[in-house]
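> Supplied in C-alpha cells, the structure appears directly below.
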Amino acid sequence: MSFIIPDGDSKAEYVRQKFSGIAGRYDLFNDLITQGMHRYWKRFLVAKTGIQPGGKALDICCGTGDITSLLEKKAGREGVVTGLDFSNGMLAVAAQRNAANNVSFIRGDASVLPFASESLDTVTVGYGLRNLVSIDTCLGEVYRVLKKGGRFLSLDMGKVKLPVARQLFAFYFFRIVPRIGKLIYPGENMFDYFPESSVEFPSQEKLAGMMERQGFIDVRFYNFYLGCVAIHCGEK
C-alpha cells in the first residue's frame, strides 16, 4: 500500500516534525540518492539568481542552509542573506554550519513571508514547494517581496516524458530511494513521503504557468537527468 500524504494543516505539521527528525543526516541522504549532484544543481541555481555583492536574498524552506550559504558567497559581507524554514531541527543544523557566515536563519512560513513588499533582490527554494499546502499562495508571497527585476528560482522534482526513462526513474525513486533513507533512519516513513510528494507536484510546464499567472515574466526552466529534476526561474 502506498504512503498517504496528510492533507492541509496535518501535512504541514507532519512535514515540520519529520524534517526536524532527519535533519542531522539529511545532506548525507541527498548525497547518496543524487550521487552528489544536488550540490551542482544548487550551484547552478544560485548562479542564475544574478545576485550581486550587497544584494538582499531570501532562501525559503532553507533546510540545512546549503543554498543559503551559496547565496552569502555571492552577496558578500555587505549583503543581507536570510534562510527561512519552519523546521527547528533543520534550522539548528543550518545555523551551526553557517556560524562563520554572514547569514541569519529564522523560523517562518513560506506562505506568509515576514518581509516588506519589494524588499528583496532574489528568493530561492530547494525541494520545498512540494511540501507546501498551497504553492500558489507561496508564489504570490514571493512575488510580493521581490523588487522589480528581482528573481525567483526553484529547484525541485520534474516530470520525465520519455517512457522508458520515466519507468526507470519511478523504480529508482519509489523503490530504491526509500530503502536508502531507511538505512540511515530505520523505520522512518518520511522516506516513503518523498516519492509520493512528487506525484501531484506540477509538471515543468504547469509550474511555469503558475508562476506566470502570479505575474512573473521571462519564466523558463532547466531540465536535468531527462527532466527528473528541474530548476525554474522567473523575474518580477
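Residue numbers start at 1 in each chain; chains themselves are named A, B, ... in the order of the C-alpha cells; ligands are numbered from 1 in the order shown.
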Considering only C-alpha atoms, return as an MDAnalysis selection string whatever protein or nucleic-acid residues lie within 10 Å of segment 145-154 of chain A, sequence-local ones (same chain, fewer than 4 positions apart) excluded.
chainID A and resid 42 45:46 48:51 56:60 113:129 139:141 207 211 216:221 230:236
> Pick out each residue of segment 98-213 of chain A that DSSP on the backbone tags as alpha helix (DSSP H); I need them as a PDB file with C-alpha atoms, in the first residue's frame.

ATOM      1  CA  ILE A 135       2.093  26.556  -3.977  1.00  0.00           C
ATOM      2  CA  ASP A 136       0.061  29.454  -5.390  1.00  0.00           C
ATOM      3  CA  THR A 137      -0.035  31.210  -2.016  1.00  0.00           C
ATOM      4  CA  CYS A 138       3.724  30.893  -1.678  1.00  0.00           C
ATOM      5  CA  LEU A 139       4.336  32.169  -5.214  1.00  0.00           C
ATOM      6  CA  GLY A 140       2.133  35.175  -4.503  1.00  0.00           C
ATOM      7  CA  GLU A 141       4.131  35.991  -1.378  1.00  0.00           C
ATOM      8  CA  VAL A 142       7.419  35.592  -3.232  1.00  0.00           C
ATOM      9  CA  TYR A 143       6.219  37.962  -5.944  1.00  0.00           C
ATOM     10  CA  ARG A 144       5.177  40.487  -3.317  1.00  0.00           C
ATOM     11  CA  VAL A 145       8.522  40.657  -1.502  1.00  0.00           C
ATOM     12  CA  PRO A 163       8.511   6.405 -21.349  1.00  0.00           C
ATOM     13  CA  VAL A 164      11.483   4.120 -20.651  1.00  0.00           C
ATOM     14  CA  ALA A 165      13.343   6.801 -18.703  1.00  0.00           C
ATOM     15  CA  ARG A 166      10.162   7.592 -16.758  1.00  0.00           C
ATOM     16  CA  GLN A 167       9.799   3.945 -15.725  1.00  0.00           C
ATOM     17  CA  LEU A 168      13.435   3.686 -14.669  1.00  0.00           C
ATOM     18  CA  PHE A 169      13.216   6.881 -12.658  1.00  0.00           C
ATOM     19  CA  ALA A 170       9.979   5.759 -10.968  1.00  0.00           C
ATOM     20  CA  PHE A 171      11.567   2.449  -9.989  1.00  0.00           C
ATOM     21  CA  VAL A 177      15.342   5.896  -2.510  1.00  0.00           C
ATOM     22  CA  PRO A 178      13.134   4.865   0.469  1.00  0.00           C
ATOM     23  CA  ARG A 179      15.451   1.939   1.188  1.00  0.00           C
ATOM     24  CA  ILE A 180      18.487   4.239   1.204  1.00  0.00           C
ATOM     25  CA  GLY A 181      16.713   6.570   3.607  1.00  0.00           C
ATOM     26  CA  LYS A 182      15.714   3.742   5.936  1.00  0.00           C
ATOM     27  CA  LEU A 183      19.289   2.510   6.080  1.00  0.00           C
ATOM     28  CA  ILE A 184      20.140   5.892   7.592  1.00  0.00           C
ATOM     29  CA  MET A 190       9.376  10.173   5.723  1.00  0.00           C
ATOM     30  CA  PHE A 191      11.335   8.396   3.003  1.00  0.00           C
ATOM     31  CA  ASP A 192       8.061   6.998   1.636  1.00  0.00           C
ATOM     32  CA  TYR A 193       6.647  10.527   1.688  1.00  0.00           C
ATOM     33  CA  PHE A 194       9.403  11.895  -0.585  1.00  0.00           C
ATOM     34  CA  PRO A 195       8.458   9.970  -3.755  1.00  0.00           C
ATOM     35  CA  GLU A 196       4.723  10.233  -3.106  1.00  0.00           C
ATOM     36  CA  SER A 197       5.003  14.029  -2.742  1.00  0.00           C
ATOM     37  CA  SER A 198       6.308  14.227  -6.307  1.00  0.00           C
ATOM     38  CA  VAL A 199       3.225  12.589  -7.841  1.00  0.00           C
ATOM     39  CA  GLN A 204       7.647  21.806 -15.502  1.00  0.00           C
ATOM     40  CA  GLU A 205       5.176  23.458 -17.873  1.00  0.00           C
ATOM     41  CA  LYS A 206       2.406  23.697 -15.289  1.00  0.00           C
ATOM     42  CA  LEU A 207       4.660  25.235 -12.637  1.00  0.00           C
ATOM     43  CA  ALA A 208       5.931  27.756 -15.198  1.00  0.00           C
ATOM     44  CA  GLY A 209       2.306  28.651 -15.947  1.00  0.00           C
ATOM     45  CA  MET A 210       1.543  29.084 -12.246  1.00  0.00           C
ATOM     46  CA  MET A 211       4.462  31.480 -11.954  1.00  0.00           C
ATOM     47  CA  GLU A 212       3.296  33.468 -14.970  1.00  0.00           C
ATOM     48  CA  ARG A 213      -0.212  33.788 -13.546  1.00  0.00           C
TER      49      ARG A 213
END
> What is the distance, in Å and to one decimal place, between atom CA of Phe174 of chain A and atom CA of Thr34 of chain A?
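Atom CA of Thr34 of chain A lies 14.0 Å from atom CA of Phe174 of chain A.
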> Enumerate the residues of segment 41-230 of chain A with a DSSP assignment of strand (DSSP E), computed from the backbone, and present them as a PDB file with N, CA and C atoms, in the first residue's frame.

ATOM      1  N   LYS A  56      20.233  41.536  -1.494  1.00  0.00           N
ATOM      2  CA  LYS A  56      19.386  41.004  -0.430  1.00  0.00           C
ATOM      3  C   LYS A  56      18.675  39.758  -0.946  1.00  0.00           C
ATOM      4  N   ALA A  57      18.887  38.633  -0.258  1.00  0.00           N
ATOM      5  CA  ALA A  57      18.352  37.358  -0.721  1.00  0.00           C
ATOM      6  C   ALA A  57      17.661  36.607   0.402  1.00  0.00           C
ATOM      7  N   LEU A  58      16.640  35.857   0.015  1.00  0.00           N
ATOM      8  CA  LEU A  58      15.914  35.004   0.951  1.00  0.00           C
ATOM      9  C   LEU A  58      15.859  33.600   0.375  1.00  0.00           C
ATOM     10  N   ASP A  59      16.225  32.620   1.185  1.00  0.00           N
ATOM     11  CA  ASP A  59      16.144  31.208   0.814  1.00  0.00           C
ATOM     12  C   ASP A  59      15.043  30.580   1.646  1.00  0.00           C
ATOM     13  N   ILE A  60      13.887  30.316   1.018  1.00  0.00           N
ATOM     14  CA  ILE A  60      12.766  29.753   1.767  1.00  0.00           C
ATOM     15  C   ILE A  60      12.861  28.229   1.788  1.00  0.00           C
ATOM     16  N   VAL A  80      22.745  41.000   2.519  1.00  0.00           N
ATOM     17  CA  VAL A  80      21.838  40.532   3.573  1.00  0.00           C
ATOM     18  C   VAL A  80      21.174  39.256   3.075  1.00  0.00           C
ATOM     19  N   VAL A  81      21.535  38.127   3.674  1.00  0.00           N
ATOM     20  CA  VAL A  81      21.022  36.831   3.245  1.00  0.00           C
ATOM     21  C   VAL A  81      20.330  36.150   4.414  1.00  0.00           C
ATOM     22  N   THR A  82      19.117  35.684   4.173  1.00  0.00           N
ATOM     23  CA  THR A  82      18.311  35.053   5.220  1.00  0.00           C
ATOM     24  C   THR A  82      17.817  33.692   4.755  1.00  0.00           C
ATOM     25  N   GLY A  83      17.889  32.721   5.648  1.00  0.00           N
ATOM     26  CA  GLY A  83      17.288  31.418   5.404  1.00  0.00           C
ATOM     27  C   GLY A  83      16.045  31.272   6.262  1.00  0.00           C
ATOM     28  N   LEU A  84      14.963  30.800   5.680  1.00  0.00           N
ATOM     29  CA  LEU A  84      13.692  30.646   6.400  1.00  0.00           C
ATOM     30  C   LEU A  84      13.215  29.208   6.288  1.00  0.00           C
ATOM     31  N   ASP A  85      12.807  28.649   7.412  1.00  0.00           N
ATOM     32  CA  ASP A  85      12.268  27.293   7.428  1.00  0.00           C
ATOM     33  C   ASP A  85      11.346  27.179   8.637  1.00  0.00           C
ATOM     34  N   VAL A 103      25.017  35.249   7.442  1.00  0.00           N
ATOM     35  CA  VAL A 103      23.640  34.879   7.151  1.00  0.00           C
ATOM     36  C   VAL A 103      22.859  34.803   8.450  1.00  0.00           C
ATOM     37  N   SER A 104      21.559  34.917   8.344  1.00  0.00           N
ATOM     38  CA  SER A 104      20.689  34.737   9.509  1.00  0.00           C
ATOM     39  C   SER A 104      19.616  33.720   9.149  1.00  0.00           C
ATOM     40  N   PHE A 105      19.148  32.995  10.148  1.00  0.00           N
ATOM     41  CA  PHE A 105      18.121  31.991   9.939  1.00  0.00           C
ATOM     42  C   PHE A 105      16.937  32.280  10.844  1.00  0.00           C
ATOM     43  N   ILE A 106      15.754  32.200  10.275  1.00  0.00           N
ATOM     44  CA  ILE A 106      14.544  32.477  11.038  1.00  0.00           C
ATOM     45  C   ILE A 106      13.519  31.379  10.804  1.00  0.00           C
ATOM     46  N   ARG A 107      12.711  31.140  11.820  1.00  0.00           N
ATOM     47  CA  ARG A 107      11.622  30.175  11.684  1.00  0.00           C
ATOM     48  C   ARG A 107      10.416  30.908  11.126  1.00  0.00           C
ATOM     49  N   LEU A 120      13.415  42.559  -1.605  1.00  0.00           N
ATOM     50  CA  LEU A 120      14.450  41.545  -1.843  1.00  0.00           C
ATOM     51  C   LEU A 120      14.842  41.476  -3.317  1.00  0.00           C
ATOM     52  N   ASP A 121      16.118  41.166  -3.544  1.00  0.00           N
ATOM     53  CA  ASP A 121      16.624  41.027  -4.908  1.00  0.00           C
ATOM     54  C   ASP A 121      16.388  39.629  -5.471  1.00  0.00           C
ATOM     55  N   THR A 122      16.393  38.646  -4.607  1.00  0.00           N
ATOM     56  CA  THR A 122      16.169  37.274  -5.076  1.00  0.00           C
ATOM     57  C   THR A 122      15.571  36.422  -3.966  1.00  0.00           C
ATOM     58  N   VAL A 123      14.753  35.448  -4.374  1.00  0.00           N
ATOM     59  CA  VAL A 123      14.200  34.447  -3.463  1.00  0.00           C
ATOM     60  C   VAL A 123      14.448  33.082  -4.107  1.00  0.00           C
ATOM     61  N   THR A 124      14.934  32.152  -3.317  1.00  0.00           N
ATOM     62  CA  THR A 124      15.210  30.807  -3.809  1.00  0.00           C
ATOM     63  C   THR A 124      14.494  29.767  -2.948  1.00  0.00           C
ATOM     64  N   VAL A 125      14.330  28.587  -3.530  1.00  0.00           N
ATOM     65  CA  VAL A 125      13.791  27.463  -2.772  1.00  0.00           C
ATOM     66  C   VAL A 125      14.322  26.175  -3.386  1.00  0.00           C
ATOM     67  N   GLY A 126      14.776  25.277  -2.539  1.00  0.00           N
ATOM     68  CA  GLY A 126      15.263  23.985  -3.000  1.00  0.00           C
ATOM     69  C   GLY A 126      14.450  22.853  -2.402  1.00  0.00           C
ATOM     70  N   LEU A 146       9.596  40.538  -3.704  1.00  0.00           N
ATOM     71  CA  LEU A 146      10.672  40.823  -4.644  1.00  0.00           C
ATOM     72  C   LEU A 146      10.597  42.256  -5.161  1.00  0.00           C
ATOM     73  N   LYS A 147      11.764  42.848  -5.354  1.00  0.00           N
ATOM     74  CA  LYS A 147      11.835  44.134  -6.039  1.00  0.00           C
ATOM     75  C   LYS A 147      11.530  43.924  -7.520  1.00  0.00           C
ATOM     76  N   LYS A 148      11.168  44.987  -8.205  1.00  0.00           N
ATOM     77  CA  LYS A 148      11.010  44.897  -9.651  1.00  0.00           C
ATOM     78  C   LYS A 148      12.359  44.525 -10.262  1.00  0.00           C
ATOM     79  N   GLY A 149      12.368  43.511 -11.097  1.00  0.00           N
ATOM     80  CA  GLY A 149      13.613  42.999 -11.654  1.00  0.00           C
ATOM     81  C   GLY A 149      14.231  41.896 -10.832  1.00  0.00           C
ATOM     82  N   GLY A 150      13.665  41.634  -9.642  1.00  0.00           N
ATOM     83  CA  GLY A 150      14.165  40.563  -8.796  1.00  0.00           C
ATOM     84  C   GLY A 150      13.799  39.206  -9.355  1.00  0.00           C
ATOM     85  N   ARG A 151      14.542  38.183  -8.942  1.00  0.00           N
ATOM     86  CA  ARG A 151      14.357  36.839  -9.499  1.00  0.00           C
ATOM     87  C   ARG A 151      13.974  35.815  -8.442  1.00  0.00           C
ATOM     88  N   PHE A 152      13.126  34.889  -8.879  1.00  0.00           N
ATOM     89  CA  PHE A 152      12.752  33.740  -8.063  1.00  0.00           C
ATOM     90  C   PHE A 152      13.225  32.484  -8.762  1.00  0.00           C
ATOM     91  N   LEU A 153      13.859  31.586  -8.003  1.00  0.00           N
ATOM     92  CA  LEU A 153      14.331  30.319  -8.569  1.00  0.00           C
ATOM     93  C   LEU A 153      13.948  29.161  -7.669  1.00  0.00           C
ATOM     94  N   SER A 154      13.501  28.085  -8.290  1.00  0.00           N
ATOM     95  CA  SER A 154      13.086  26.886  -7.562  1.00  0.00           C
ATOM     96  C   SER A 154      13.762  25.656  -8.142  1.00  0.00           C
ATOM     97  N   LEU A 155      14.319  24.840  -7.266  1.00  0.00           N
ATOM     98  CA  LEU A 155      14.873  23.531  -7.619  1.00  0.00           C
ATOM     99  C   LEU A 155      13.959  22.471  -7.026  1.00  0.00           C
ATOM    100  N   ASP A 156      13.485  21.559  -7.870  1.00  0.00           N
ATOM    101  CA  ASP A 156      12.609  20.502  -7.351  1.00  0.00           C
ATOM    102  C   ASP A 156      12.535  19.356  -8.355  1.00  0.00           C
ATOM    103  N   MET A 157      11.699  18.395  -8.046  1.00  0.00           N
ATOM    104  CA  MET A 157      11.492  17.265  -8.937  1.00  0.00           C
ATOM    105  C   MET A 157      10.748  17.730 -10.184  1.00  0.00           C
ATOM    106  N   ILE A 217       7.653  37.203 -15.174  1.00  0.00           N
ATOM    107  CA  ILE A 217       7.953  37.277 -16.604  1.00  0.00           C
ATOM    108  C   ILE A 217       9.259  36.542 -16.891  1.00  0.00           C
ATOM    109  N   ASP A 218       9.514  36.320 -18.171  1.00  0.00           N
ATOM    110  CA  ASP A 218      10.723  35.619 -18.619  1.00  0.00           C
ATOM    111  C   ASP A 218      10.896  34.306 -17.859  1.00  0.00           C
ATOM    112  N   VAL A 219       9.788  33.596 -17.671  1.00  0.00           N
ATOM    113  CA  VAL A 219       9.820  32.331 -16.928  1.00  0.00           C
ATOM    114  C   VAL A 219      10.395  31.237 -17.823  1.00  0.00           C
ATOM    115  N   ARG A 220      11.341  30.498 -17.274  1.00  0.00           N
ATOM    116  CA  ARG A 220      11.946  29.388 -18.012  1.00  0.00           C
ATOM    117  C   ARG A 220      12.313  28.279 -17.025  1.00  0.00           C
ATOM    118  N   PHE A 221      12.613  27.117 -17.560  1.00  0.00           N
ATOM    119  CA  PHE A 221      13.069  26.040 -16.685  1.00  0.00           C
ATOM    120  C   PHE A 221      14.177  25.265 -17.376  1.00  0.00           C
ATOM    121  N   TYR A 222      15.021  24.662 -16.545  1.00  0.00           N
ATOM    122  CA  TYR A 222      16.170  23.891 -16.999  1.00  0.00           C
ATOM    123  C   TYR A 222      16.013  22.461 -16.485  1.00  0.00           C
ATOM    124  N   ASN A 223      16.038  21.509 -17.393  1.00  0.00           N
ATOM    125  CA  ASN A 223      15.888  20.105 -17.023  1.00  0.00           C
ATOM    126  C   ASN A 223      17.243  19.444 -16.796  1.00  0.00           C
ATOM    127  N   PHE A 224      17.279  18.539 -15.835  1.00  0.00           N
ATOM    128  CA  PHE A 224      18.458  17.718 -15.563  1.00  0.00           C
ATOM    129  C   PHE A 224      18.006  16.258 -15.490  1.00  0.00           C
ATOM    130  N   VAL A 229      14.699  16.189 -12.570  1.00  0.00           N
ATOM    131  CA  VAL A 229      14.976  17.347 -11.724  1.00  0.00           C
ATOM    132  C   VAL A 229      14.887  18.584 -12.608  1.00  0.00           C
ATOM    133  N   ALA A 230      14.333  19.666 -12.082  1.00  0.00           N
ATOM    134  CA  ALA A 230      14.197  20.893 -12.865  1.00  0.00           C
ATOM    135  C   ALA A 230      14.432  22.121 -12.000  1.00  0.00           C
TER     136      ALA A 230
END
> Give me, please, the distance in Å between atom CA of Cys228 of chain A and atom CA of Arg43 of chain A, quoted to one decimal.
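It comes out at 17.6 Å.
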> I need the residue nearest Ser20 of chain A from this list: A:Gly79, A:Lys73, A:Ala92, A:Ile5. Use only C-alpha atoms for the distance.
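Between A:Gly79, A:Lys73, A:Ala92, A:Ile5, the residue approaching Ser20 of chain A most closely is A:Ala92.
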> How far is it from atom CA of Gly8 of chain A to atom CA of Asn88 of chain A, in Å with one decimal?
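Computed distance, atom CA of Gly8 of chain A to atom CA of Asn88 of chain A, equals 20.0 Å.
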> Taking 5 positions as the minimum chain separation for residues in the same chain, which residues sit within 10 Å of Met90 of chain A when counting only C-alpha atoms? Answer as a PyMOL selection string.
chain A and resi 16+19-24+26+61-65+84-85+95+107
> Go through A:Asn30, A:Gly215, A:Pro53, A:Leu132 and flag the residue nearest Ser111 of chain A, using only C-alpha atoms for the distances.
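Going through A:Asn30, A:Gly215, A:Pro53, A:Leu132 one by one, the smallest distance to Ser111 of chain A is for A:Leu132.
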> So, counting only C-alpha atoms, which residue among A:Asp9, A:Gln17, A:Tyr225, A:Arg175 is closest to Met37 of chain A?
A:Tyr225
